[in-house]
$ cat run.txt   # compact mmCIF, C-alpha atoms and all ligand atoms
# COMPACT_ATOMS: atom_id res chain seq x y z
CA MET A 1 -11.30 12.24 22.89
CA ASN A 2 -10.99 12.85 19.17
CA ALA A 3 -14.40 13.81 17.72
CA TYR A 4 -13.75 11.49 14.79
CA ALA A 5 -12.73 8.44 16.88
CA GLN A 6 -15.79 6.35 16.14
CA GLU A 7 -15.75 7.13 12.43
CA LEU A 8 -12.01 6.41 12.24
CA ARG A 9 -12.45 3.03 13.91
CA ALA A 10 -15.29 2.12 11.52
CA THR A 11 -13.32 3.20 8.45
CA ALA A 12 -10.19 1.30 9.53
CA LYS A 13 -12.26 -1.82 10.16
CA ALA A 14 -13.90 -1.58 6.73
CA MET A 15 -10.52 -1.17 5.04
CA VAL A 16 -9.27 -4.52 6.34
CA ALA A 17 -12.58 -6.42 6.14
CA PRO A 18 -12.41 -10.15 5.25
CA SER A 19 -12.12 -11.12 1.56
CA GLN A 20 -10.94 -7.63 0.65
CA GLY A 21 -7.91 -5.36 0.67
CA VAL A 22 -6.68 -1.95 -0.36
CA LEU A 23 -5.57 -0.99 -3.87
CA ALA A 24 -2.67 1.45 -4.02
CA MET A 25 -3.05 3.57 -7.17
CA ASP A 26 -1.42 6.67 -5.74
CA GLU A 27 1.70 6.78 -7.87
CA SER A 28 2.93 10.36 -8.12
CA ASN A 29 2.90 11.85 -11.62
CA GLY A 30 6.63 11.14 -11.86
CA THR A 31 6.27 7.45 -10.95
CA CYS A 32 3.16 7.00 -13.12
CA ASN A 33 4.99 8.59 -16.07
CA LYS A 34 7.91 6.19 -15.63
CA ARG A 35 5.53 3.21 -15.69
CA LEU A 36 3.75 4.56 -18.78
CA ASN A 37 7.09 5.16 -20.50
CA LYS A 38 8.13 1.59 -19.78
CA ILE A 39 5.20 0.23 -21.80
CA GLY A 40 5.85 2.65 -24.65
CA ILE A 41 3.26 5.30 -23.83
CA GLU A 42 4.11 8.99 -24.08
CA PRO A 43 3.13 10.21 -20.60
CA SER A 44 0.60 13.02 -20.29
CA GLU A 45 -2.18 14.10 -17.98
CA ALA A 46 -4.65 12.57 -20.45
CA MET A 47 -2.93 9.16 -20.43
CA ARG A 48 -2.65 9.09 -16.64
CA ARG A 49 -6.36 9.92 -16.47
CA ALA A 50 -7.28 7.25 -19.00
CA TYR A 51 -5.28 4.65 -17.05
CA ARG A 52 -6.91 5.57 -13.77
CA GLU A 53 -10.34 5.42 -15.45
CA LEU A 54 -9.53 1.88 -16.62
CA ILE A 55 -8.72 0.87 -13.05
CA LEU A 56 -11.67 2.46 -11.29
CA THR A 57 -14.29 1.34 -13.82
CA THR A 58 -13.22 -2.31 -13.66
CA PRO A 59 -16.49 -4.23 -13.29
CA GLY A 60 -16.80 -5.82 -9.85
CA LEU A 61 -13.62 -4.21 -8.47
CA GLY A 62 -15.45 -3.25 -5.27
CA ASP A 63 -16.07 -6.94 -4.49
CA TYR A 64 -12.40 -7.32 -3.60
CA ILE A 65 -11.16 -3.79 -3.00
CA SER A 66 -12.32 -2.01 0.16
CA GLY A 67 -10.43 1.22 -0.43
CA ALA A 68 -8.18 2.76 -3.05
CA ILE A 69 -5.37 5.22 -2.46
CA LEU A 70 -5.37 8.13 -4.91
CA TYR A 71 -2.86 10.83 -5.78
CA ASP A 72 -3.74 14.54 -5.62
CA GLU A 73 -4.17 14.73 -9.40
CA THR A 74 -6.40 11.64 -9.47
CA ILE A 75 -8.79 12.64 -6.69
CA ARG A 76 -9.71 15.69 -8.79
CA GLN A 77 -10.13 13.80 -12.10
CA SER A 78 -13.19 12.42 -13.86
CA LYS A 79 -14.15 9.79 -16.38
CA GLU A 80 -14.19 10.82 -20.02
CA ASP A 81 -17.98 11.27 -19.72
CA GLY A 82 -17.50 13.77 -16.88
CA THR A 83 -18.44 11.52 -13.92
CA SER A 84 -15.95 12.24 -11.14
CA PHE A 85 -13.68 9.42 -10.04
CA LEU A 86 -15.01 9.94 -6.52
CA ALA A 87 -18.55 9.25 -7.79
CA VAL A 88 -17.30 6.11 -9.56
CA MET A 89 -15.74 4.90 -6.31
CA LYS A 90 -18.95 5.53 -4.40
CA GLU A 91 -20.81 3.45 -6.97
CA GLN A 92 -18.21 0.65 -6.57
CA ASN A 93 -18.38 0.93 -2.77
CA ILE A 94 -14.65 1.68 -2.58
CA ILE A 95 -13.48 4.08 0.14
CA PRO A 96 -11.32 6.92 -1.23
CA GLY A 97 -7.88 7.40 0.29
CA ILE A 98 -5.18 9.93 -0.51
CA LYS A 99 -1.39 9.94 -0.54
CA VAL A 100 -0.36 13.04 1.41
CA ASP A 101 3.42 12.81 1.61
CA THR A 102 5.39 14.76 -0.99
CA GLY A 103 8.04 12.13 -1.55
CA ALA A 104 11.27 10.72 -0.14
CA LYS A 105 14.18 13.17 -0.39
CA ASP A 106 17.91 12.74 0.32
CA LEU A 107 18.58 12.85 4.06
CA ALA A 108 21.17 15.54 4.76
CA GLY A 109 24.51 14.16 5.90
CA HIS A 110 23.49 10.55 5.21
CA PRO A 111 24.43 9.43 1.71
CA GLY A 112 22.16 6.74 0.30
CA GLU A 113 19.35 7.43 2.79
CA LYS A 114 16.02 9.21 2.42
CA VAL A 115 13.56 11.09 4.56
CA THR A 116 9.96 11.62 3.51
CA GLU A 117 8.67 15.19 3.37
CA GLY A 118 5.20 16.74 3.38
CA LEU A 119 4.34 17.96 6.88
CA ASP A 120 4.23 21.68 5.99
CA GLY A 121 0.62 22.73 5.36
CA LEU A 122 -0.58 19.17 5.93
CA ARG A 123 -3.40 20.14 8.33
CA ASP A 124 -5.05 22.29 5.64
CA ARG A 125 -4.60 19.66 2.94
CA ILE A 126 -6.21 17.04 5.20
CA THR A 127 -9.19 19.34 5.77
CA GLU A 128 -9.62 19.78 2.02
CA TYR A 129 -9.33 16.05 1.28
CA TYR A 130 -11.81 15.18 4.04
CA GLN A 131 -14.29 17.67 2.59
CA MET A 132 -13.81 16.13 -0.85
CA GLY A 133 -14.70 12.70 0.57
CA ALA A 134 -11.38 11.03 1.40
CA ARG A 135 -11.54 8.93 4.56
CA PHE A 136 -7.98 7.66 4.86
CA ALA A 137 -4.46 8.75 3.95
CA LYS A 138 -1.04 7.30 3.24
CA TRP A 139 2.53 8.37 4.00
CA ARG A 140 5.44 6.21 2.81
CA ALA A 141 8.82 6.24 4.49
CA VAL A 142 11.72 4.49 2.74
CA ILE A 143 14.41 2.57 4.60
CA THR A 144 17.34 1.23 2.58
CA ILE A 145 19.48 -1.72 3.67
CA GLY A 146 23.15 -1.46 2.74
CA GLU A 147 26.64 -1.29 4.17
CA GLY A 148 26.33 0.59 7.47
CA ILE A 149 22.73 1.62 6.76
CA PRO A 150 20.03 2.22 7.82
CA SER A 151 21.39 4.71 10.33
CA ASP A 152 19.54 5.62 13.51
CA ALA A 153 19.29 9.13 12.06
CA CYS A 154 17.30 7.83 9.09
CA ILE A 155 14.98 5.59 11.07
CA GLU A 156 14.36 8.28 13.74
CA ALA A 157 13.69 11.07 11.24
CA ASN A 158 11.25 8.94 9.25
CA ALA A 159 9.50 7.60 12.34
CA HIS A 160 9.05 11.11 13.70
CA ALA A 161 7.52 12.34 10.44
CA LEU A 162 5.22 9.30 10.22
CA ALA A 163 3.99 9.93 13.76
CA ARG A 164 3.32 13.63 13.18
CA TYR A 165 1.50 12.79 9.94
CA ALA A 166 -0.62 10.13 11.67
CA ALA A 167 -1.61 12.48 14.51
CA LEU A 168 -2.65 15.18 12.02
CA CYS A 169 -4.70 12.66 10.03
CA GLN A 170 -6.62 11.48 13.08
CA GLU A 171 -7.26 15.07 14.15
CA GLY A 172 -8.74 15.76 10.69
CA GLY A 173 -10.83 12.58 10.32
CA LEU A 174 -8.58 10.50 8.05
CA VAL A 175 -7.36 7.02 9.03
CA PRO A 176 -3.58 7.11 8.64
CA ILE A 177 -1.90 4.31 6.74
CA VAL A 178 1.55 4.29 8.30
CA GLU A 179 3.97 2.87 5.75
CA PRO A 180 7.60 2.28 6.72
CA GLU A 181 8.93 0.42 3.68
CA VAL A 182 12.17 -1.50 4.09
CA LEU A 183 13.31 -1.83 0.49
CA ILE A 184 13.76 -5.26 -1.09
CA ASN A 185 16.75 -4.03 -3.15
CA GLY A 186 20.14 -5.41 -2.21
CA ASP A 187 21.85 -8.71 -1.52
CA HIS A 188 20.95 -8.87 2.18
CA THR A 189 19.68 -12.03 3.81
CA ILE A 190 16.19 -12.46 5.24
CA GLU A 191 17.73 -12.38 8.73
CA ARG A 192 19.13 -8.92 8.08
CA CYS A 193 15.74 -7.80 6.76
CA PHE A 194 14.17 -9.16 9.95
CA ASP A 195 16.56 -7.12 12.12
CA VAL A 196 16.13 -3.89 10.17
CA THR A 197 12.34 -4.25 10.00
CA SER A 198 12.17 -4.95 13.75
CA ARG A 199 14.30 -1.93 14.54
CA THR A 200 12.22 0.25 12.23
CA LEU A 201 8.85 -0.89 13.60
CA ARG A 202 9.99 -0.47 17.22
CA THR A 203 11.07 3.09 16.52
CA VAL A 204 7.92 3.92 14.53
CA PHE A 205 5.63 2.72 17.32
CA ASN A 206 7.65 4.62 19.94
CA HIS A 207 7.13 7.82 17.99
CA LEU A 208 3.45 7.07 17.29
CA SER A 209 2.95 6.58 21.00
CA THR A 210 4.81 9.80 21.89
CA GLN A 211 2.58 11.77 19.47
CA GLY A 212 -0.58 10.26 20.99
CA VAL A 213 -1.70 8.37 17.89
CA ALA A 214 -4.62 6.01 18.56
CA PHE A 215 -3.48 2.57 17.38
CA ASP A 216 -7.04 1.29 16.92
CA GLN A 217 -7.64 4.08 14.39
CA MET A 218 -4.67 3.44 12.11
CA ILE A 219 -3.48 0.83 9.62
CA LEU A 220 0.14 -0.33 9.39
CA LYS A 221 1.45 -0.90 5.87
CA PRO A 222 4.72 -2.78 6.31
CA SER A 223 7.01 -4.52 3.87
CA MET A 224 7.33 -8.27 4.28
CA VAL A 225 10.43 -9.77 5.88
CA ILE A 226 12.07 -11.17 2.79
CA SER A 227 15.49 -11.92 1.20
CA GLY A 228 17.05 -9.06 -0.76
CA LEU A 229 16.40 -9.35 -4.52
CA ASP A 230 20.08 -10.13 -5.18
CA CYS A 231 20.64 -12.42 -2.21
CA PRO A 232 21.90 -15.84 -3.39
CA GLN A 233 19.79 -17.65 -0.76
CA GLN A 234 16.13 -16.85 -1.41
CA ALA A 235 13.87 -17.70 1.54
CA SER A 236 10.90 -20.00 0.98
CA VAL A 237 7.28 -18.81 1.09
CA GLU A 238 6.90 -20.51 4.47
CA GLN A 239 10.00 -18.78 5.88
CA VAL A 240 8.83 -15.36 4.69
CA ALA A 241 5.43 -15.93 6.29
CA ASP A 242 6.93 -17.17 9.58
CA MET A 243 9.54 -14.43 9.95
CA THR A 244 7.21 -11.64 8.85
CA VAL A 245 4.51 -12.58 11.36
CA LYS A 246 7.09 -13.05 14.12
CA CYS A 247 8.51 -9.61 13.41
CA LEU A 248 5.04 -8.05 13.55
CA MET A 249 4.00 -9.96 16.68
CA ASP A 250 7.18 -8.78 18.43
CA ASN A 251 6.83 -5.13 17.48
CA VAL A 252 3.25 -4.12 16.60
CA PRO A 253 0.73 -3.37 19.36
CA ALA A 254 -2.29 -5.68 19.38
CA SER A 255 -4.71 -2.74 19.23
CA VAL A 256 -3.58 -1.67 15.73
CA ALA A 257 -6.68 -1.92 13.50
CA GLY A 258 -5.01 -3.88 10.72
CA ILE A 259 -1.95 -4.80 8.70
CA ALA A 260 -2.03 -4.16 4.93
CA PHE A 261 1.21 -5.12 3.19
CA LEU A 262 2.88 -3.41 0.27
CA SER A 263 4.19 -5.72 -2.47
CA GLY A 264 7.53 -3.95 -2.87
CA GLY A 265 8.68 -5.53 -6.14
CA GLN A 266 7.82 -9.18 -5.40
CA SER A 267 6.31 -11.14 -8.27
CA ASN A 268 2.51 -11.15 -8.43
CA GLU A 269 2.25 -14.81 -7.48
CA LYS A 270 4.73 -14.49 -4.59
CA ALA A 271 2.86 -11.50 -3.18
CA SER A 272 -0.35 -13.58 -3.14
CA ALA A 273 1.34 -16.74 -1.85
CA HIS A 274 3.12 -14.98 1.03
CA LEU A 275 -0.06 -13.27 2.20
CA ASN A 276 -2.00 -16.50 1.86
CA THR A 277 0.47 -18.53 3.92
CA MET A 278 0.50 -15.91 6.68
CA ASN A 279 -3.27 -16.11 6.91
CA ILE A 280 -3.41 -19.92 6.78
CA LYS A 281 -0.85 -20.26 9.56
CA TYR A 282 -1.47 -17.22 11.73
CA ALA A 283 -4.90 -15.63 11.17
CA GLU A 284 -6.20 -17.15 14.38
CA GLN A 285 -3.25 -16.15 16.56
CA ALA A 286 -2.62 -12.70 15.15
CA PRO A 287 -4.47 -9.87 16.92
CA TRP A 288 -5.03 -7.92 13.68
CA PRO A 289 -6.46 -8.72 10.25
CA ILE A 290 -3.63 -9.28 7.74
CA THR A 291 -4.38 -8.07 4.21
CA PHE A 292 -2.84 -6.26 1.24
CA SER A 293 -2.39 -2.73 -0.02
CA TYR A 294 -0.57 -3.58 -3.23
CA ALA A 295 0.14 -1.38 -6.23
CA ARG A 296 2.42 -3.27 -8.64
CA ALA A 297 1.22 -6.76 -7.62
CA ILE A 298 -2.34 -5.79 -8.58
CA GLN A 299 -1.85 -3.37 -11.46
CA GLY A 300 1.17 -4.90 -13.23
CA PRO A 301 -0.45 -7.31 -15.71
CA ALA A 302 -3.27 -4.86 -16.54
CA LEU A 303 -0.88 -2.01 -17.26
CA GLU A 304 1.30 -4.19 -19.49
CA HIS A 305 -1.66 -5.47 -21.44
CA TRP A 306 -3.32 -2.06 -21.88
CA LYS A 307 -0.49 -0.28 -23.73
CA GLY A 308 -2.70 2.81 -23.99
CA GLN A 309 -5.10 1.18 -26.51
CA SER A 310 -8.83 1.44 -25.87
CA SER A 311 -9.34 -1.94 -27.56
CA ASN A 312 -7.28 -3.52 -24.75
CA VAL A 313 -9.23 -1.97 -21.86
CA SER A 314 -11.67 -4.81 -21.30
CA THR A 315 -9.01 -7.56 -21.05
CA ALA A 316 -6.78 -5.30 -18.95
CA GLN A 317 -9.69 -4.87 -16.54
CA LYS A 318 -10.12 -8.64 -16.35
CA LEU A 319 -6.43 -8.97 -15.47
CA LEU A 320 -6.75 -6.33 -12.75
CA HIS A 321 -9.90 -7.96 -11.38
CA HIS A 322 -8.11 -11.28 -11.32
CA ARG A 323 -5.16 -10.03 -9.23
CA ALA A 324 -7.57 -8.30 -6.84
CA LYS A 325 -9.50 -11.56 -6.52
CA CYS A 326 -6.33 -13.64 -5.90
CA ASN A 327 -5.18 -11.28 -3.16
CA ALA A 328 -8.63 -11.09 -1.59
CA ALA A 329 -8.57 -14.90 -1.46
CA ALA A 330 -5.11 -14.73 0.11
CA HIS A 331 -6.49 -12.51 2.85
CA ASP A 332 -8.79 -15.41 3.71
CA GLY A 333 -6.06 -18.05 3.32
CA LYS A 334 -7.92 -19.42 0.28
CA TYR A 335 -5.56 -18.62 -2.59
CA THR A 336 -4.67 -21.65 -4.70
CA PRO A 337 -2.66 -22.27 -7.88
CA ASP A 338 -5.98 -23.19 -9.55
CA LEU A 339 -7.12 -19.60 -9.16
CA GLU A 340 -4.19 -18.50 -11.35
CA LYS A 341 -5.31 -20.95 -14.04
CA GLU A 342 -8.69 -19.16 -14.31
CA MET A 343 -6.96 -16.16 -15.77
CA ALA A 344 -4.78 -18.12 -18.12
CA ALA A 345 -8.05 -19.32 -19.68
CA VAL A 346 -9.32 -15.74 -20.14
CA THR A 347 -6.20 -14.41 -21.85
CA ALA A 348 -5.42 -17.53 -23.92
P1 LIG A 401 3.81 -1.77 -4.22
O1 LIG A 401 2.77 -2.76 -3.82
O2 LIG A 401 4.02 -1.66 -5.70
O3 LIG A 401 5.08 -1.92 -3.45
O4 LIG A 401 3.26 -0.33 -3.84
C1 LIG A 401 2.64 -0.15 -2.64
C2 LIG A 401 2.71 1.27 -2.29
O5 LIG A 401 1.73 1.92 -2.11
C3 LIG A 401 4.04 1.88 -2.16
O6 LIG A 401 3.92 3.08 -1.47
$ encode --input "run.txt" --output "structure tokens" --more "lines below"
Ligand code: 13P
Amino acid sequence: MNAYAQELRATAKAMVAPSQGVLAMDESNGTCNKRLNKIGIEPSEAMRRAYRELILTTPGLGDYISGAILYDETIRQSKEDGTSFLAVMKEQNIIPGIKVDTGAKDLAGHPGEKVTEGLDGLRDRITEYYQMGARFAKWRAVITIGEGIPSDACIEANAHALARYAALCQEGGLVPIVEPEVLINGDHTIERCFDVTSRTLRTVFNHLSTQGVAFDQMILKPSMVISGLDCPQQASVEQVADMTVKCLMDNVPASVAGIAFLSGGQSNEKASAHLNTMNIKYAEQAPWPITFSYARAIQGPALEHWKGQSSNVSTAQKLLHHRAKCNAAAHDGKYTPDLEKEMAAVTA
């Protein structure tokens, strides 16, 4: 048996504990720069650091956030006063996680499809991250819905890589977050998203099983089953909750330690409402805790408000805290429209 098994189980359980969820703040430098550019900030290492300091020093963040996923640059950074981000997280009682894939690249021979890279040298990187204090990892695979895609080649290649990544993580003491993201982009219906997500999850769990990954020591980070952004018929919150949970119940082993959704470009309120409805209707039936691992649906309002100005930090932190609180409530099935009003009062 894996020497880390007990520790992995305990970490996974803590990550999906009630009234909490995971914060994804592991944008690569390229993605972080794009988001900074969008709000009119000239991207630099200093600005990325300042933004990450804003997030991690948010007062009370650890009340709602069990773990935060960092990027390689971020796990090595410190506050302006020299305190390492890892020390700040310890103080906040937030478990450090690390993105270990090196990004989705064009899949040879399959136009419009991607395969995620990063397996070369991964064992050594995991050892280093574990020694630094990371206790979980993330790898994101990207599946695109379009005419004639996703192909079996794309789903198989990504599932294989996810499974090899997850096995290496467990060997090295990190809980793997296995993230097969079916993109929301496109005009596909929710039914098509259901089919593609089912096919993807089935293949991913086949490969995880073949590689000997322990399901009770991993977290699945799926996308919700949802209408494409440009689909003329947009499914209701109830329909998204029903079809997402059905898809998971059909395809995800009961022993998986937890489900932590990505937000994938949904609005902030929708991301909270969908998670909330799933928990109201299905928390008792579902074999796993159902929570969040959002990036945009937690960070969005704070980033927009900040604009790189130190005078905006305090309100930006309140906005971040608020989205974390809304999603933590949604994990418990206790998110209400009144909660959103609380924030309107703060920023008015
Ligand atoms: P979003 O919640 O913005 O989709 O990001 C989650 C994530 O970590 C993507 O890999």
$ atom_distance --input "run.txt" --atom1 "CA of Ile94 in chain A" --atom2 "CA of Thr315 in chain A"
21.4 Å
$ closest_residue --input "run.txt" --among "A:Gly265, A:Gly62, A:Pro96, A:Gly21" --to "ligand LIG 401 (chain A)" --atoms "only C-alpha atoms and all ligand atoms"
A:Gly265
$ closest_residue --input "run.txt" --among "A:Asn251, A:Asn2, A:Ser311, A:Gln299" --to "ligand LIG 401 (chain A)" --atoms "all atoms listed in the file"
A:Gln299
$ closest_residue --input "run.txt" --among "A:Arg48, A:Arg192, A:His305, A:Lys270" --to "ligand LIG 401 (chain A)" --atoms "all atoms listed in the file"
A:Lys270
$ residues_near_ligand --input "run.txt" --ligand "ligand LIG 401 (chain A)" --cutoff "7 Å" --atoms "only C-alpha atoms and all ligand atoms" --output "PyMOL selection string"
chain A and resi 24+26+140+262-265+293-297
$ write_last_selection --input "run.txt" --atoms "C-alpha atoms" --output "CSV table (one decimal), keeping the file's coordinate frame"
chain,number,residue,atom,x,y,z
A,24,ALA,CA,-2.7,1.4,-4.0
A,26,ASP,CA,-1.4,6.7,-5.7
A,140,ARG,CA,5.4,6.2,2.8
A,262,LEU,CA,2.9,-3.4,0.3
A,263,SER,CA,4.2,-5.7,-2.5
A,264,GLY,CA,7.5,-4.0,-2.9
A,265,GLY,CA,8.7,-5.5,-6.1
A,293,SER,CA,-2.4,-2.7,0.0
A,294,TYR,CA,-0.6,-3.6,-3.2
A,295,ALA,CA,0.1,-1.4,-6.2
A,296,ARG,CA,2.4,-3.3,-8.6
A,297,ALA,CA,1.2,-6.8,-7.6
$ closest_residue --input "run.txt" --among "A:Tyr51, A:Phe292, A:Tyr4, A:Tyr129" --to "Gln317 in chain A" --atoms "only C-alpha atoms"
A:Tyr51
$ atom_distance --input "run.txt" --atom1 "CA of Leu36 in chain A" --atom2 "CA of Thr102 in chain A"
20.6 Å
$ closest_atom_pairs --input "run.txt" --of "range 108-211 of chain A" --to "range 70-79 of chain A" --cutoff "9 Å" --atoms "only C-alpha atoms" --output "tab-separated table"
residue	atom	partner	partner_atom	distance
A:Tyr129	CA	A:Ile75	CA	8.7
A:Met132	CA	A:Ile75	CA	8.5
A:Ala134	CA	A:Ile75	CA	8.6
A:Ala137	CA	A:Leu70	CA	8.9
$ closest_residue --input "run.txt" --among "A:Gly308, A:Pro43, A:Pro180, A:Gly186" --to "Thr203 in chain A" --atoms "all atoms listed in the file"
A:Pro180
$ closest_residue --input "run.txt" --among "A:Val175, A:Ala17, A:Met89, A:Ile259" --to "Met218 in chain A" --atoms "only C-alpha atoms"
A:Val175
$ atom_distance --input "run.txt" --atom1 "CA of Glu53 in chain A" --atom2 "CA of Ala87 in chain A"
11.9 Å
$ residues_around --input "run.txt" --residues "His160 in chain A" --least-positions-apart "6" --cutoff "8 Å" --atoms "only C-alpha atoms" --output "list of chain:residue names"
A:Val204, A:His207, A:Leu208
$ write_last_selection --input "run.txt" --atoms "C-alpha atoms" --output "PDB file, keeping the file's coordinate frame"
ATOM      1  CA  VAL A 204       7.920   3.920  14.530  1.00  0.00           C
ATOM      2  CA  HIS A 207       7.130   7.820  17.990  1.00  0.00           C
ATOM      3  CA  LEU A 208       3.450   7.070  17.290  1.00  0.00           C
TER       4      LEU A 208
END
$ axis_aligned_box --input "run.txt" --around "range 253-270 of chain A" --padding-each-side "3 Å" --output "lines of an AutoDock Vina configuration file"
center_x = 1.0
center_y = -8.2
center_z = 5.5
size_x = 21.4
size_y = 19.1
size_z = 33.8
$ residues_around --input "run.txt" --residues "Ile126 in chain A" --least-positions-apart "2" --cutoff "8 Å" --atoms "all atoms listed in the file" --output "list in words"
Leu122, Arg123, Asp124, Glu128, Tyr129, Tyr130, Leu168, Cys169, Gly172 and Leu174 of chain A
$ residues_around --input "run.txt" --residues "Lys138 in chain A" --least-positions-apart "2" --cutoff "7 Å" --atoms "only C-alpha atoms" --output "ChimeraX atom specification"
/A:98-100,140,176-178
$ residues_near_point --input "run.txt" --point "(11.5, 6.9, 17.2)" --cutoff "12 Å" --atoms "only C-alpha atoms" --output "PyMOL selection string"
chain A and resi 152-164+199-211
$ residues_around --input "run.txt" --residues "Gln233 in chain A" --least-positions-apart "3" --cutoff "10 Å" --atoms "all atoms listed in the file" --output "list in words"
Asp187, His188, Thr189, Ile190, Ser227, Gly228, Leu229, Asp230 and Ser236 of chain A
$ residues_near_point --input "run.txt" --point "(2.0, -1.2, -24.3)" --cutoff "10 Å" --atoms "all atoms listed in the file" --output "list in words"
Leu36, Asn37, Lys38, Ile39, Gly40, Ile41, Leu303, Glu304, His305, Trp306, Lys307, Gly308, Gln309 and Asn312 of chain A
$ closest_atom_pairs --input "run.txt" --of "range 132-223 of chain A" --to "range 244-248 of chain A" --cutoff "9 Å" --atoms "all atoms listed in the file" --output "Markdown table"
| residue | atom | partner | partner_atom | distance |
| --- | --- | --- | --- | --- |
| A:Phe194 | CA | A:Cys247 | CA | 6.6 |
| A:Asp195 | CA | A:Cys247 | CA | 8.5 |
| A:Thr197 | CA | A:Cys247 | CA | 7.4 |
| A:Ser198 | CA | A:Cys247 | CA | 5.9 |
| A:Leu201 | CA | A:Leu248 | CA | 8.1 |
| A:Pro222 | CA | A:Leu248 | CA | 9.0 |
| A:Ser223 | CA | A:Thr244 | CA | 8.7 |
$ decode --input "run.txt" --residues "range 189-200 of chain A" --atoms "N, CA and C atoms" --output "mmCIF file, in the first residue's frame"
data_model
loop_
_atom_site.group_PDB
_atom_site.id
_atom_site.type_symbol
_atom_site.label_atom_id
_atom_site.label_comp_id
_atom_site.auth_asym_id
_atom_site.auth_seq_id
_atom_site.Cartn_x
_atom_site.Cartn_y
_atom_site.Cartn_z
ATOM 1 N N THR A 189 -26.238 21.950 -27.262
ATOM 2 C CA THR A 189 -27.305 21.863 -26.262
ATOM 3 C C THR A 189 -26.768 21.200 -24.990
ATOM 4 N N ILE A 190 -27.557 21.284 -23.933
ATOM 5 C CA ILE A 190 -27.163 20.639 -22.673
ATOM 6 C C ILE A 190 -27.110 19.114 -22.856
ATOM 7 N N GLU A 191 -27.967 18.583 -23.731
ATOM 8 C CA GLU A 191 -27.965 17.128 -23.959
ATOM 9 C C GLU A 191 -26.632 16.684 -24.572
ATOM 10 N N ARG A 192 -26.140 17.486 -25.500
ATOM 11 C CA ARG A 192 -24.845 17.150 -26.114
ATOM 12 C C ARG A 192 -23.730 17.241 -25.062
ATOM 13 N N CYS A 193 -23.806 18.246 -24.205
ATOM 14 C CA CYS A 193 -22.811 18.372 -23.140
ATOM 15 C C CYS A 193 -22.873 17.159 -22.214
ATOM 16 N N PHE A 194 -24.077 16.701 -21.947
ATOM 17 C CA PHE A 194 -24.262 15.505 -21.100
ATOM 18 C C PHE A 194 -23.552 14.304 -21.742
ATOM 19 N N ASP A 195 -23.775 14.109 -23.036
ATOM 20 C CA ASP A 195 -23.170 12.955 -23.727
ATOM 21 C C ASP A 195 -21.644 13.035 -23.727
ATOM 22 N N VAL A 196 -21.130 14.212 -24.052
ATOM 23 C CA VAL A 196 -19.666 14.356 -24.131
ATOM 24 C C VAL A 196 -19.041 14.208 -22.734
ATOM 25 N N THR A 197 -19.691 14.796 -21.725
ATOM 26 C CA THR A 197 -19.137 14.703 -20.365
ATOM 27 C C THR A 197 -19.174 13.254 -19.878
ATOM 28 N N SER A 198 -20.263 12.535 -20.201
ATOM 29 C CA SER A 198 -20.357 11.127 -19.797
ATOM 30 C C SER A 198 -19.238 10.309 -20.440
ATOM 31 N N ARG A 199 -19.070 10.521 -21.732
ATOM 32 C CA ARG A 199 -18.041 9.782 -22.469
ATOM 33 C C ARG A 199 -16.649 10.091 -21.911
ATOM 34 N N THR A 200 -16.428 11.342 -21.599
ATOM 35 C CA THR A 200 -15.128 11.760 -21.066
ATOM 36 C C THR A 200 -14.893 11.128 -19.689
#
